[in-house]
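Visitor: Enclosed is the structure file work_27.cif (mmCIF, C-alpha atoms).
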```cif
data_upload
#
loop_
_atom_site.label_atom_id
_atom_site.label_comp_id
_atom_site.auth_asym_id
_atom_site.auth_seq_id
_atom_site.Cartn_x
_atom_site.Cartn_y
_atom_site.Cartn_z
CA MET A 1 144.15 116.68 102.12
CA LYS A 2 141.89 119.54 100.91
CA ARG A 3 139.89 121.58 103.35
CA ALA A 4 136.15 121.07 103.59
CA GLY A 5 135.42 124.38 101.87
CA GLN A 6 137.20 123.35 98.67
CA LYS A 7 135.77 121.33 95.79
CA VAL A 8 135.22 117.65 96.31
CA VAL A 9 136.66 116.84 92.88
CA ALA A 10 139.83 114.75 92.78
CA GLY A 11 142.91 116.53 91.55
CA THR A 12 146.54 115.66 90.98
CA GLU A 13 149.53 116.76 93.01
CA ALA A 14 150.80 120.25 92.20
CA PRO A 15 154.05 120.23 90.12
CA GLY A 16 157.22 120.96 91.97
CA THR A 17 156.07 119.64 95.32
CA SER A 18 159.14 118.35 97.11
CA GLN A 19 159.49 115.31 99.34
CA THR A 20 160.59 117.68 102.09
CA SER A 21 157.37 119.66 101.95
CA LYS A 22 155.38 116.41 102.05
CA LYS A 23 157.19 115.34 105.20
CA GLN A 24 156.59 118.76 106.72
CA LYS A 25 152.86 118.40 106.09
CA THR A 26 152.87 114.95 107.62
CA SER A 27 154.67 116.17 110.70
CA LEU A 28 152.14 118.98 111.10
CA TYR A 29 149.27 116.46 111.30
CA GLY A 30 151.23 114.31 113.74
CA SER A 31 153.05 117.02 115.71
CA GLY A 32 151.01 116.40 118.84
CA LEU A 33 151.96 112.73 118.90
CA GLY A 34 155.65 113.14 119.66
CA GLU A 35 158.83 112.58 117.62
CA SER A 36 158.79 108.83 118.11
CA ASP A 37 155.33 108.33 116.55
CA PRO A 38 155.72 106.21 113.39
CA CYS A 39 153.19 108.42 111.52
CA ASN A 40 155.77 111.22 111.51
CA SER A 41 158.05 109.26 109.18
CA MET A 42 155.40 107.29 107.21
CA ASP A 43 155.30 107.85 103.47
CA TRP A 44 151.56 107.51 102.77
CA GLY A 45 152.22 107.52 99.04
CA SER A 46 154.19 104.27 99.26
CA LEU A 47 151.26 102.16 100.54
CA PRO A 48 150.34 99.30 98.16
CA HIS A 49 147.42 99.91 95.82
CA HIS A 50 145.30 97.18 97.40
CA VAL A 51 145.71 98.73 100.87
CA ILE A 52 144.68 102.19 99.66
CA LEU A 53 141.78 100.63 97.74
CA ARG A 54 140.62 98.91 100.92
CA VAL A 55 140.75 102.23 102.81
CA PHE A 56 138.75 103.96 100.06
CA GLN A 57 136.04 101.29 100.21
CA PHE A 58 135.25 102.34 103.80
CA LEU A 59 135.02 106.07 102.98
CA THR A 60 132.02 108.08 101.89
CA LEU A 61 132.19 109.56 98.43
CA VAL A 62 133.11 113.01 99.76
CA ASP A 63 135.87 111.69 102.01
CA ARG A 64 137.15 109.44 99.24
CA ALA A 65 137.42 112.41 96.87
CA ARG A 66 139.26 114.45 99.51
CA ALA A 67 141.60 111.55 100.27
CA SER A 68 142.45 111.32 96.57
CA SER A 69 144.22 114.68 96.94
CA VAL A 70 146.84 113.28 99.33
CA CYS A 71 149.21 112.42 96.47
CA ARG A 72 149.38 111.16 92.90
CA ARG A 73 149.26 107.50 93.98
CA TRP A 74 146.08 108.01 96.01
CA ASN A 75 144.56 109.85 93.08
CA GLU A 76 145.33 106.87 90.82
CA VAL A 77 143.58 104.52 93.24
CA PHE A 78 140.61 106.90 93.34
CA HIS A 79 140.05 106.08 89.65
CA ILE A 80 140.45 102.30 89.88
CA PRO A 81 137.39 100.74 88.14
CA ASP A 82 136.49 98.60 91.18
CA LEU A 83 135.50 101.75 93.07
CA TRP A 84 133.06 102.82 90.38
CA ARG A 85 131.03 99.67 89.84
CA ARG A 86 128.43 100.83 92.38
CA PHE A 87 127.37 104.48 92.45
CA GLU A 88 124.36 106.52 93.61
CA PHE A 89 123.85 109.92 92.02
CA GLU A 90 122.16 112.26 94.50
CA LEU A 91 120.49 115.15 92.71
CA SER A 92 118.60 117.84 94.58
CA GLN A 93 117.76 121.52 94.64
CA PRO A 94 118.92 123.28 97.85
CA ALA A 95 115.66 125.16 98.27
CA THR A 96 113.49 122.03 98.15
CA SER A 97 115.56 119.21 99.59
CA TYR A 98 117.64 117.95 102.50
CA LEU A 99 119.56 115.58 100.24
CA LYS A 100 123.26 116.07 99.66
CA SER A 101 123.85 116.60 95.99
CA THR A 102 126.66 114.95 94.01
CA HIS A 103 129.08 117.66 92.88
CA PRO A 104 128.59 118.57 89.17
CA ASP A 105 132.34 118.38 88.47
CA LEU A 106 132.49 114.89 89.93
CA ILE A 107 129.54 113.87 87.74
CA GLN A 108 131.45 115.01 84.67
CA GLN A 109 134.53 113.06 85.78
CA ILE A 110 132.40 109.94 86.15
CA ILE A 111 130.87 110.37 82.71
CA LYS A 112 134.30 110.95 81.09
CA ARG A 113 136.35 108.33 82.94
CA HIS A 114 134.01 105.78 84.49
CA ALA A 115 130.84 105.46 82.41
CA ASP A 116 131.99 102.04 81.17
CA HIS A 117 132.81 100.90 84.73
CA LEU A 118 129.36 101.62 86.21
CA GLN A 119 127.38 98.44 86.87
CA TYR A 120 125.06 99.10 89.83
CA VAL A 121 123.63 102.59 89.46
CA SER A 122 120.84 104.48 91.18
CA PHE A 123 119.58 108.03 90.97
CA LYS A 124 118.07 109.55 94.11
CA VAL A 125 116.20 112.76 93.38
CA ASP A 126 114.00 115.12 95.37
CA SER A 127 110.55 116.32 94.30
CA SER A 128 111.78 118.99 91.89
CA THR A 129 111.51 118.64 88.12
CA GLU A 130 115.02 120.10 87.77
CA SER A 131 116.56 117.18 89.68
CA ALA A 132 114.69 114.60 87.60
CA GLU A 133 115.75 116.33 84.39
CA ALA A 134 119.35 116.35 85.60
CA ALA A 135 119.11 112.58 86.12
CA CYS A 136 117.82 112.17 82.57
CA ASP A 137 120.69 114.31 81.25
CA ILE A 138 123.21 112.02 82.96
CA LEU A 139 121.51 108.89 81.62
CA SER A 140 121.64 110.38 78.12
CA GLN A 141 125.44 110.62 78.35
CA LEU A 142 126.09 107.02 79.43
CA VAL A 143 126.71 105.85 75.88
CA ASN A 144 129.54 103.47 76.86
CA CYS A 145 127.83 101.95 79.86
CA SER A 146 127.51 98.31 80.86
CA ILE A 147 124.96 98.75 83.65
CA LYS A 148 123.49 95.65 85.31
CA THR A 149 121.11 97.28 87.81
CA LEU A 150 119.36 100.63 87.47
CA GLY A 151 117.20 102.38 90.04
CA LEU A 152 115.36 105.69 89.79
CA ILE A 153 114.30 106.76 93.27
CA SER A 154 112.12 109.78 94.04
CA THR A 155 112.09 110.83 97.68
CA ALA A 156 108.81 112.68 97.04
CA LYS A 157 106.38 113.21 94.18
CA PRO A 158 106.11 114.47 91.45
CA SER A 159 109.77 114.46 90.32
CA PHE A 160 110.13 112.15 87.27
CA MET A 161 106.41 112.41 86.47
CA ASN A 162 106.93 116.08 85.59
CA VAL A 163 109.64 115.31 83.03
CA SER A 164 108.40 115.15 79.46
CA LYS A 165 107.74 111.60 78.29
CA ALA A 166 109.95 112.14 75.23
CA HIS A 167 112.93 113.34 77.32
CA PHE A 168 112.59 110.48 79.78
CA ALA A 169 112.19 107.83 77.07
CA SER A 170 115.17 109.18 75.14
CA ALA A 171 117.39 109.01 78.24
CA LEU A 172 116.32 105.45 79.10
CA THR A 173 116.82 104.33 75.51
CA VAL A 174 120.52 105.23 75.72
CA VAL A 175 120.96 102.89 78.69
CA PHE A 176 118.66 100.16 77.37
CA VAL A 177 120.45 100.05 73.99
CA ASN A 178 124.03 100.31 75.22
CA SER A 179 124.01 98.19 78.36
CA LYS A 180 122.78 94.88 76.89
CA SER A 181 123.21 93.21 80.29
CA LEU A 182 120.53 94.79 82.47
CA SER A 183 119.29 92.34 85.08
CA SER A 184 117.47 94.56 87.59
CA ILE A 185 115.42 97.72 87.00
CA LYS A 186 113.42 99.75 89.52
CA ILE A 187 111.63 102.68 87.91
CA ASP A 188 108.49 103.41 89.95
CA ASP A 189 106.53 106.65 89.49
CA THR A 190 107.99 107.50 86.07
CA PRO A 191 106.64 108.29 82.57
CA LEU A 192 107.93 104.94 81.27
CA ASP A 193 105.96 103.84 78.20
CA ASP A 194 105.41 100.78 75.99
CA PRO A 195 107.95 101.74 73.28
CA SER A 196 110.66 102.08 75.97
CA LEU A 197 109.81 98.59 77.26
CA LYS A 198 110.13 97.21 73.73
CA VAL A 199 113.62 98.72 73.46
CA LEU A 200 114.49 97.20 76.85
CA VAL A 201 113.29 93.77 75.75
CA ALA A 202 115.00 93.96 72.36
CA ASN A 203 118.41 94.51 73.97
CA ASN A 204 118.22 92.80 77.38
CA SER A 205 115.71 89.95 77.11
CA ASP A 206 118.31 87.31 78.01
CA THR A 207 119.50 89.05 81.19
CA LEU A 208 116.48 90.79 82.76
CA LYS A 209 115.48 89.13 86.04
CA LEU A 210 113.82 91.89 88.09
CA LEU A 211 111.47 94.65 86.94
CA LYS A 212 109.71 97.03 89.35
CA MET A 213 107.53 99.61 87.66
CA SER A 214 104.57 100.51 89.84
CA SER A 215 102.75 103.79 89.15
CA CYS A 216 103.82 104.10 85.52
CA PRO A 217 100.57 105.31 83.92
CA HIS A 218 101.88 105.24 80.33
CA VAL A 219 102.56 101.49 80.43
CA SER A 220 99.69 99.34 79.16
CA PRO A 221 98.93 95.65 79.73
CA ALA A 222 100.27 95.03 76.21
CA GLY A 223 103.61 96.58 77.18
CA ILE A 224 104.16 94.40 80.22
CA LEU A 225 102.89 91.36 78.29
CA CYS A 226 105.69 91.99 75.79
CA VAL A 227 108.18 91.77 78.68
CA ALA A 228 106.66 88.54 79.99
CA ASP A 229 106.63 86.98 76.51
CA GLN A 230 110.28 87.75 75.76
CA CYS A 231 112.13 87.86 79.13
CA HIS A 232 111.98 84.20 80.05
CA GLY A 233 114.45 84.62 82.91
CA LEU A 234 112.26 87.13 84.78
CA LYS A 235 112.08 86.18 88.47
CA GLU A 236 110.65 89.29 90.17
CA LEU A 237 107.97 91.64 88.92
CA ALA A 238 106.22 94.61 90.55
CA LEU A 239 103.38 96.45 88.85
CA ASN A 240 100.01 98.10 89.35
CA TYR A 241 96.86 96.00 89.35
CA TYR A 242 95.45 97.71 86.26
CA ILE A 243 98.28 96.10 84.21
CA LEU A 244 97.63 92.64 85.64
CA SER A 245 95.64 90.37 83.33
CA ASP A 246 94.81 86.73 82.71
CA GLU A 247 97.01 86.87 79.60
CA LEU A 248 99.98 88.12 81.61
CA LEU A 249 99.69 85.37 84.23
CA LEU A 250 99.44 82.74 81.51
CA ALA A 251 102.52 84.18 79.77
CA LEU A 252 104.47 83.97 83.05
CA SER A 253 103.28 80.35 83.33
CA SER A 254 104.56 79.21 79.93
CA GLU A 255 107.04 76.36 79.69
CA LYS A 256 109.75 78.71 78.39
CA HIS A 257 109.52 80.95 81.45
CA VAL A 258 111.59 80.27 84.56
CA ASP A 259 109.85 79.96 87.90
CA LEU A 260 108.68 83.38 89.07
CA GLU A 261 109.82 84.03 92.64
CA HIS A 262 108.12 87.30 93.55
CA LEU A 263 105.08 89.10 92.12
CA ARG A 264 104.12 92.38 93.79
CA ILE A 265 100.82 94.02 92.89
CA ASP A 266 99.84 97.54 94.03
CA VAL A 267 96.07 98.08 94.09
CA VAL A 268 95.65 101.84 94.35
CA SER A 269 92.68 104.18 94.04
CA GLU A 270 93.08 107.94 94.18
CA ASN A 271 89.44 108.79 93.48
CA PRO A 272 86.93 106.89 95.65
CA GLY A 273 84.14 105.27 93.70
CA GLN A 274 85.55 106.25 90.28
CA VAL A 275 87.58 103.11 89.62
CA GLN A 276 86.05 99.76 88.78
CA PHE A 277 88.55 96.95 89.19
CA HIS A 278 88.56 93.91 86.93
CA THR A 279 88.65 90.32 88.20
CA ILE A 280 91.42 87.82 87.52
CA LYS A 281 90.17 84.29 86.81
CA LYS A 282 90.98 81.48 89.21
CA GLN A 283 92.31 79.39 86.30
CA SER A 284 94.96 82.03 85.59
CA TRP A 285 96.12 82.12 89.20
CA ASP A 286 96.17 78.31 89.27
CA ALA A 287 98.34 78.20 86.14
CA LEU A 288 100.90 80.54 87.71
CA VAL A 289 101.12 78.57 90.95
CA LYS A 290 101.33 75.25 89.11
CA HIS A 291 104.26 76.60 87.08
CA SER A 292 105.92 78.45 89.99
CA PRO A 293 104.75 76.68 93.18
CA LYS A 294 106.97 78.73 95.49
CA VAL A 295 106.04 82.14 94.11
CA ASN A 296 105.33 84.92 96.63
CA ILE A 297 102.32 86.97 95.53
CA VAL A 298 102.29 90.24 97.46
CA MET A 299 99.36 92.65 97.25
CA TYR A 300 99.30 96.19 98.68
CA PHE A 301 95.79 97.66 98.91
CA PHE A 302 95.10 101.38 99.12
CA LEU A 303 91.37 101.32 98.43
CA TYR A 304 88.19 102.60 100.01
CA GLU A 305 85.76 100.11 101.50
CA ASP A 306 83.29 100.22 98.62
CA GLU A 307 86.01 99.37 96.04
CA PHE A 308 86.88 95.83 97.18
CA ASP A 309 84.06 94.07 95.38
CA ALA A 310 86.24 92.47 92.68
CA PHE A 311 88.70 90.83 95.08
CA PHE A 312 88.84 87.46 96.88
CA ARG A 313 85.41 86.22 95.79
CA GLU A 314 87.09 82.94 94.88
CA GLU A 315 90.34 81.25 95.83
CA THR A 316 93.36 83.50 95.29
CA PRO A 317 96.96 82.32 95.92
CA VAL A 318 98.14 85.55 97.56
CA THR A 319 100.86 85.08 100.19
CA HIS A 320 101.32 88.59 101.64
CA LEU A 321 98.51 91.13 102.15
CA TYR A 322 98.86 94.73 103.28
CA PHE A 323 95.86 97.02 103.74
CA GLY A 324 96.84 100.68 103.99
CA ARG A 325 93.27 101.91 104.49
CA ALA A 326 90.22 100.61 106.31
CA VAL A 327 89.00 97.18 105.27
CA SER A 328 85.60 95.74 106.19
CA LYS A 329 84.79 92.68 108.29
CA ALA A 330 83.22 91.11 105.20
CA MET A 331 86.47 91.51 103.26
CA LEU A 332 88.51 89.91 106.05
CA GLY A 333 85.99 87.08 106.08
CA ARG A 334 86.59 86.51 102.37
CA ILE A 335 90.33 86.40 103.00
CA GLY A 336 89.84 83.69 105.60
CA MET A 337 87.76 81.67 103.12
CA ASN A 338 89.79 82.14 99.93
CA CYS A 339 93.48 82.75 100.71
CA PRO A 340 94.89 79.37 101.81
CA ARG A 341 98.51 80.32 100.91
CA LEU A 342 98.50 83.45 103.11
CA ILE A 343 101.76 83.96 105.03
CA GLU A 344 101.49 87.57 106.23
CA LEU A 345 98.54 89.86 106.91
CA VAL A 346 98.75 93.53 107.93
CA VAL A 347 95.57 95.54 108.57
CA CYS A 348 96.14 99.22 109.30
CA ALA A 349 92.49 100.01 110.07
CA ASN A 350 89.06 98.40 110.28
CA GLY A 351 86.63 100.31 112.46
CA LEU A 352 84.86 99.66 115.72
CA GLN A 353 83.54 96.12 115.16
CA PRO A 354 85.50 93.31 116.86
CA LEU A 355 87.24 90.99 114.41
CA ASP A 356 87.25 87.87 116.59
CA ASP A 357 85.40 85.57 114.16
CA GLU A 358 87.36 86.76 111.14
CA LEU A 359 90.74 86.22 112.82
CA ILE A 360 89.77 82.78 114.09
CA GLN A 361 88.67 81.78 110.59
CA ILE A 362 91.97 83.04 109.16
CA ALA A 363 93.91 81.04 111.78
CA GLU A 364 91.84 77.96 110.98
CA ARG A 365 92.11 78.03 107.18
CA CYS A 366 95.41 79.84 106.51
CA LYS A 367 97.79 77.15 107.73
CA ASN A 368 100.91 79.00 106.45
CA LEU A 369 100.23 82.24 108.35
CA THR A 370 103.40 83.30 110.22
CA ALA A 371 103.06 87.09 110.51
CA MET A 372 100.20 89.35 111.62
CA GLY A 373 99.91 93.09 112.20
CA LEU A 374 96.86 95.02 113.40
CA GLY A 375 96.53 98.79 113.74
CA GLU A 376 93.28 100.70 114.23
CA CYS A 377 91.05 97.65 114.79
CA GLU A 378 89.26 95.98 117.69
CA VAL A 379 89.68 92.41 118.96
CA THR A 380 88.53 91.06 122.32
CA CYS A 381 91.25 89.56 124.50
CA ARG A 382 89.39 86.24 124.47
CA GLY A 383 89.16 86.20 120.66
CA PHE A 384 92.80 87.20 120.26
CA ILE A 385 94.04 84.45 122.56
CA GLU A 386 91.96 81.90 120.63
CA PHE A 387 93.55 83.14 117.39
CA VAL A 388 97.07 82.85 118.82
CA LYS A 389 96.30 79.42 120.32
CA MET A 390 95.22 78.11 116.90
CA CYS A 391 98.32 79.52 115.15
CA GLY A 392 100.74 78.49 117.91
CA GLY A 393 104.49 78.87 117.56
CA ARG A 394 104.35 79.37 113.80
CA LEU A 395 103.54 83.07 114.42
CA THR A 396 107.09 84.40 114.20
CA GLN A 397 105.90 88.02 113.87
CA LEU A 398 102.98 89.39 115.85
CA SER A 399 102.63 93.17 115.99
CA ILE A 400 99.41 94.29 117.68
CA MET A 401 98.80 97.78 119.03
CA GLU A 402 97.68 97.75 122.67
CA GLU A 403 94.67 99.92 121.75
CA VAL A 404 93.37 97.10 119.52
CA LEU A 405 92.81 94.69 122.42
CA ILE A 406 89.54 94.94 124.39
CA PRO A 407 89.68 93.49 127.94
CA ASP A 408 86.81 91.14 128.82
CA SER A 409 85.56 89.19 131.81
CA ASP A 410 88.11 86.41 131.23
CA TYR A 411 91.29 88.29 130.38
CA SER A 412 92.86 91.58 131.37
CA LEU A 413 95.73 93.07 129.36
CA ASP A 414 98.17 91.94 132.07
CA ARG A 415 97.00 88.35 131.91
CA LEU A 416 96.74 88.45 128.11
CA HIS A 417 100.47 88.91 127.53
CA LEU A 418 101.21 85.86 129.73
CA GLU A 419 98.70 83.67 127.85
CA VAL A 420 99.91 84.79 124.43
CA SER A 421 103.56 84.28 125.47
CA LYS A 422 102.70 80.73 126.57
CA HIS A 423 101.16 79.81 123.21
CA LEU A 424 103.92 81.48 121.17
CA GLY A 425 106.68 79.85 123.20
CA ARG A 426 108.40 83.19 123.76
CA MET A 427 107.85 86.42 125.68
CA TRP A 428 105.36 88.73 123.95
CA PHE A 429 103.89 92.16 124.69
CA PRO A 430 101.53 94.30 122.60
CA ASP A 431 103.00 97.34 120.88
CA MET A 432 102.44 100.70 122.51
CA MET A 433 101.81 104.01 120.82
CA PRO A 434 104.94 106.15 121.30
CA THR A 435 104.57 109.32 123.35
CA TRP A 436 106.51 112.38 122.36
#
```
Would you put the structure from the file into structure tokens?
Guide:
Amino acid sequence: MKRAGQKVVAGTEAPGTSQTSKKQKTSLYGSGLGESDPCNSMDWGSLPHHVILRVFQFLTLVDRARASSVCRRWNEVFHIPDLWRRFEFELSQPATSYLKSTHPDLIQQIIKRHADHLQYVSFKVDSSTESAEAACDILSQLVNCSIKTLGLISTAKPSFMNVSKAHFASALTVVFVNSKSLSSIKIDDTPLDDPSLKVLVANNSDTLKLLKMSSCPHVSPAGILCVADQCHGLKELALNYYILSDELLLALSSEKHVDLEHLRIDVVSENPGQVQFHTIKKQSWDALVKHSPKVNIVMYFFLYEDEFDAFFREETPVTHLYFGRAVSKAMLGRIGMNCPRLIELVVCANGLQPLDDELIQIAERCKNLTAMGLGECEVTCRGFIEFVKMCGGRLTQLSIMEEVLIPDSDYSLDRLHLEVSKHLGRMWFPDMMPTW
């Protein structure tokens, strides 16, 4: 086995190596175990392929590449197609990242010998443009690929967004044209554009089931509508709210389309007060739910308080709501009135006004609510217990920071946990801020 300081790339056994020298190496590794240890006489090269393959499946990529240097047989197993169906390229610049980077020589081996074996592929890059460009260069060389799932993951911005749109689109086109069996794509925060989506649809419309493409500013509503119109097997979709439209929801509700299982919508504002959000008609939401009655509609909000005006003024079939910034009492009141399908609600911040009435209304009208999380908010102990009492044992997840709860004349924090535990049917305590 090669030392750690040597290259990670798999090699073949040096010519002229004798069986005697192999046995001497083996005895060196096992010399401290005694003459009777069976490892001293074991011929590791004679193990069946399926046994070596099983061993390799438990090893990290680096250890697998080192193990492939044991002998010619182990090197052969190293290149068995089954080991190359799933692969994550890690691309980083030492000065800007803590990621381990896939060795360039190994990347070239994969492109030469295993491009047509890759099926589940992801690229994890750091924030540097160089790493994103390296990922695009690899994609451009996968001309014999048959990829089923593709993920482009940036550990920090800007990464792919700094790559030229032409370079990125050219690299994706190679995969979109040659794979013809793509079923799952996750390409958030990239310069993906409408022409690239049309290429994807033209070659993979019968197989595409999952598409996640939030924060892709070059994609228009027309581009995603093209996907919805042609990819009738689409089951999961994630996108930004600005792409969402009545036309898109109606396209996903057509008779040709399969039941959508998961729709994630990111509602993001970077410039407070400069974005005016459009409203989706109730009829469009109703059409989607009628066609796909079990669909999960997940919305992540990163807005400022004065930007919520367009949302939840009439019934909306959202099932999961996450508020990453402060949300007003009035907005939570609207949720209680107009979100009857709500299953999970997470509020990171609200302010210094108790939310008793709003929570009680949500418990009363949102009969499917099973998960609640509250961060920088205020709720009286009395109001919180009433909320829990109305929800009962259906609250399978209840994460409330201790600082949220305001003791009153009826309940102290010590008594509160006993009352809440009684109504939930299990032991419960509020979460505590960790101390470092």
Visitor: What is the atom CA of A:Lys389 to atom CA of A:Ala349 distance in Å?
Guide: 23.3 Å
Visitor: Hey, what comes out of the PyMOL selection byres ((chain A and resi 302) around 10) on this file? Could you write it as a PyMOL selection string?
Guide: chain A and resi 266-270+299-301+303-305+307+322-327
Visitor: Residue by residue, what does the PyMOL selection byres ((chain A and resi 136) around 8) grab here? Present the result as JSON, numbers by chain.
Guide: {"A": [132, 133, 134, 135, 137, 138, 139, 140, 167, 168, 171, 172]}
Visitor: I need every residue sitting at most 8 Å from the point (142.4, 110.7, 93.3) (coordinates as in the file, all atoms listed in the file considered), written as a ChimeraX atom specification.
Guide: /A:10-12,65-79
Visitor: Which residues, named as in the file, does the PyMOL selection byres ((chain A and resi 285) around 9) pick out? Answer as a PyMOL selection string.
Guide: chain A and resi 246+249-250+280-284+286-290+315-317
Visitor: Name the residues in contact with A:Ser179 at a cut-off of 10 Å, using all atoms listed in the file, excluding same-chain residues fewer than 4 positions from it; report them as an mmCIF file with C-alpha atoms, in the frame of the given file.
Guide:
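Just written: out02.cif:
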```cif
data_model
loop_
_atom_site.group_PDB
_atom_site.id
_atom_site.type_symbol
_atom_site.label_atom_id
_atom_site.label_comp_id
_atom_site.auth_asym_id
_atom_site.auth_seq_id
_atom_site.Cartn_x
_atom_site.Cartn_y
_atom_site.Cartn_z
ATOM 1 C CA ASP A 116 131.990 102.040 81.170
ATOM 2 C CA GLN A 119 127.380 98.440 86.870
ATOM 3 C CA LEU A 142 126.090 107.020 79.430
ATOM 4 C CA VAL A 143 126.710 105.850 75.880
ATOM 5 C CA ASN A 144 129.540 103.470 76.860
ATOM 6 C CA CYS A 145 127.830 101.950 79.860
ATOM 7 C CA SER A 146 127.510 98.310 80.860
ATOM 8 C CA ILE A 147 124.960 98.750 83.650
ATOM 9 C CA LYS A 148 123.490 95.650 85.310
ATOM 10 C CA THR A 149 121.110 97.280 87.810
ATOM 11 C CA THR A 173 116.820 104.330 75.510
ATOM 12 C CA VAL A 174 120.520 105.230 75.720
ATOM 13 C CA VAL A 175 120.960 102.890 78.690
ATOM 14 C CA LEU A 200 114.490 97.200 76.850
ATOM 15 C CA ASN A 203 118.410 94.510 73.970
ATOM 16 C CA ASN A 204 118.220 92.800 77.380
#
```
Visitor: Record the distance separating atom CA of A:Val227 and atom CA of A:Val201, expressed in Å with one decimal.
Guide: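 Atom-to-atom, atom CA of A:Val227 and atom CA of A:Val201 are spaced 6.2 Å apart.
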Visitor: When you look at stretch 415-423 of chain A with a cut-off of 7 Å (counting all atoms listed in the file), what residues show up, excluding the ones that are within fewer than 2 positions of it in the same chain? I need them as a count of residues only.
Guide: 14
Visitor: Kindly provide, as lines of an AutoDock Vina configuration file, the centre and edge lengths (Å, one decimal) of an axis-aligned box around all atoms of stretch 240-259 of chain A given in the file, with 5 Å on each side.
Guide:
```
center_x = 103.2
center_y = 87.2
center_z = 83.9
size_x = 26.8
size_y = 31.7
size_z = 21.0
```
Visitor: Go through A:Ser181, A:Thr396, A:Ser131, A:Thr102 one by one, measure the shortest atom-to-atom distance of each to A:Thr60 using only C-alpha atoms, and give the residue with the smallest value.
Guide: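 Of all the options, A:Thr102 lies closest to A:Thr60.
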Visitor: With all atoms listed in the file counted, which protein, DNA or RNA residues have an atom no more than 7 Å from (111.0, 109.3, 85.1) in the file frame? Please answer as a list of chain:residue names.
Guide: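 I get A:Ala132, A:Phe160, A:Met161, A:Val163, A:Phe168, A:Asp189, A:Thr190, A:Pro191, A:Leu192 for the residues within 7 Å of that point.
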Visitor: For A:Ala169, which of A:Ser196, A:Thr319, A:Gln93, A:Asn271 is the closest residue, counting all atoms listed in the file?
Guide: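 Of A:Ser196, A:Thr319, A:Gln93, A:Asn271, the one nearest A:Ala169 is A:Ser196, counting all atoms listed in the file.
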Visitor: For each of A:Ser220, A:Ser154, A:Ser184, A:Ser215, take the minimum atom-to-atom distance to A:Lys198, counting only C-alpha atoms, then give the residue where this is smallest.
Guide: A:Ser220
